[in-house]
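A.B. asks: The structure that follows is given in the form of structure tokens.
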Amino acid sequence: MAEIQASFIPKKDIKRRSRGGSGFSVNIFLLIAVVIFLTAIFAALGVFLLEKKTEADIAQASAELEKEKDNFGLGAIQEFILASNRLQATDEIINNHINVSEVFRLLESDTLTEVVISNFSFRTEQDKVVITARGSAPTYEHVAVQSQTYGENNKIGDLILSDVDQSREGGVAFNISFSVDKTYLLAN
């Protein structure tokens, strides 16, 4: 019979494998890959948690907005819109209001004391105001001087004297028409 070996200790030399430079580099690449993998997992987890928190914040803000909307009341919002529209219309009216008193100041400063202007009227056109009136003066010479005085004023344009004639009451009657730039007459 054969003899059974009771020892597990080998009797021959075991050749050791030599671990060269390639084993060390594999371990560094493995370590870098594990770090990158763990970083990606933590980043994905962070993005997921941030998304959930943002969704919760949006839901909470929406609920608060609905609550405040109910507290504020839709009727009040409509009243504020109506008031805003009225204020805008008022601003537009005020900004486009023609200050007729400026025309009277203009006529007062340039009208001769002997000349009387009456039957005053005006109409607005695109960028100017056209004024028409009836006038009377003692003589034709006064009418000519008055025409020249109005013509020298740079605020008066399109000056027309018409229907110059002797009046029944004595003196000379005439019609006058001229325009004034609208920006000069705005109430600003």
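The way I read the labels, and the way they are meant: chains A, B, ... in the order of the structure tokens, residue 1 as the first residue of every chain, and ligand 1 as the first ligand shown, with later ones counted on from there.
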Which residues in chain A does DSSP call helix (DSSP H, G or I)? List them as a PyMOL selection string.

C.D. replies: chain A and resi 21-72+74-95+100-110+140-152+182-185

A.B. asks: For stretch 115-117 of chain A, list every protein, DNA or RNA residue within 9 Å, evaluated using only C-alpha atoms, and leave out those in the same chain fewer than 2 positions away; present the list as an NGL selection string.

C.D. replies: :A and (107 or 111-113 or 119-120 or 133-138 or 142-143 or 146 or 176)

A.B. asks: Let's have the selection written as a JSON list (two decimals), in the first residue's frame, with N, CA and C atoms.

C.D. replies:
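Wrote out03.json, looks like this:
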[["chain", "number", "residue", "atom", "x", "y", "z"],
["A", 107, "LEU", "N", -51.22, 137.01, -28.66],
["A", 107, "LEU", "CA", -51.95, 138.11, -29.30],
["A", 107, "LEU", "C", -51.83, 139.40, -28.50],
["A", 111, "THR", "N", -50.44, 142.56, -30.53],
["A", 111, "THR", "CA", -51.55, 143.33, -31.11],
["A", 111, "THR", "C", -51.41, 144.80, -30.73],
["A", 112, "LEU", "N", -51.55, 145.65, -31.72],
["A", 112, "LEU", "CA", -51.49, 147.09, -31.49],
["A", 112, "LEU", "C", -52.65, 147.53, -30.61],
["A", 113, "THR", "N", -52.46, 148.60, -29.86],
["A", 113, "THR", "CA", -53.51, 149.06, -28.95],
["A", 113, "THR", "C", -54.73, 149.57, -29.71],
["A", 119, "ASN", "N", -64.33, 137.62, -32.23],
["A", 119, "ASN", "CA", -64.80, 136.39, -32.88],
["A", 119, "ASN", "C", -63.67, 135.38, -33.04],
["A", 120, "PHE", "N", -62.99, 135.17, -31.96],
["A", 120, "PHE", "CA", -61.83, 134.29, -31.94],
["A", 120, "PHE", "C", -62.28, 132.82, -32.00],
["A", 133, "ALA", "N", -59.90, 134.82, -36.65],
["A", 133, "ALA", "CA", -60.54, 135.87, -35.85],
["A", 133, "ALA", "C", -60.98, 136.99, -36.78],
["A", 134, "ARG", "N", -61.78, 137.83, -36.25],
["A", 134, "ARG", "CA", -62.23, 139.04, -36.94],
["A", 134, "ARG", "C", -61.56, 140.21, -36.24],
["A", 135, "GLY", "N", -61.07, 141.16, -37.00],
["A", 135, "GLY", "CA", -60.39, 142.30, -36.40],
["A", 135, "GLY", "C", -60.90, 143.61, -36.97],
["A", 136, "SER", "N", -60.61, 144.68, -36.23],
["A", 136, "SER", "CA", -60.95, 146.02, -36.72],
["A", 136, "SER", "C", -59.84, 146.97, -36.30],
["A", 137, "ALA", "N", -59.59, 147.95, -37.17],
["A", 137, "ALA", "CA", -58.54, 148.94, -36.92],
["A", 137, "ALA", "C", -59.05, 150.29, -37.42],
["A", 138, "PRO", "N", -58.46, 151.37, -36.94],
["A", 138, "PRO", "CA", -58.93, 152.70, -37.37],
["A", 138, "PRO", "C", -58.63, 152.99, -38.84],
["A", 142, "HIS", "N", -52.97, 150.95, -40.02],
["A", 142, "HIS", "CA", -52.93, 150.13, -38.80],
["A", 142, "HIS", "C", -53.01, 148.64, -39.14],
["A", 143, "VAL", "N", -53.82, 148.30, -40.14],
["A", 143, "VAL", "CA", -53.94, 146.91, -40.57],
["A", 143, "VAL", "C", -52.59, 146.43, -41.13],
["A", 146, "GLN", "N", -50.14, 146.04, -38.29],
["A", 146, "GLN", "CA", -50.50, 144.85, -37.51],
["A", 146, "GLN", "C", -50.08, 143.57, -38.22],
["A", 176, "ILE", "N", -58.50, 137.56, -40.01],
["A", 176, "ILE", "CA", -57.12, 137.14, -39.85],
["A", 176, "ILE", "C", -57.10, 135.63, -39.56]]

A.B. asks: If you measure from atom CA of A:Val103 to atom CA of A:Ser121, what distance in Å do you get, rounded to one decimal?

C.D. replies: 10.8 Å

A.B. asks: Kindly give the distance, in Å, that separates atom CA of A:Ala40 and atom CA of A:Thr54, rounded to a single decimal.

C.D. replies: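 Calculated distance between atom CA of A:Ala40 and atom CA of A:Thr54 is 20.8 Å.
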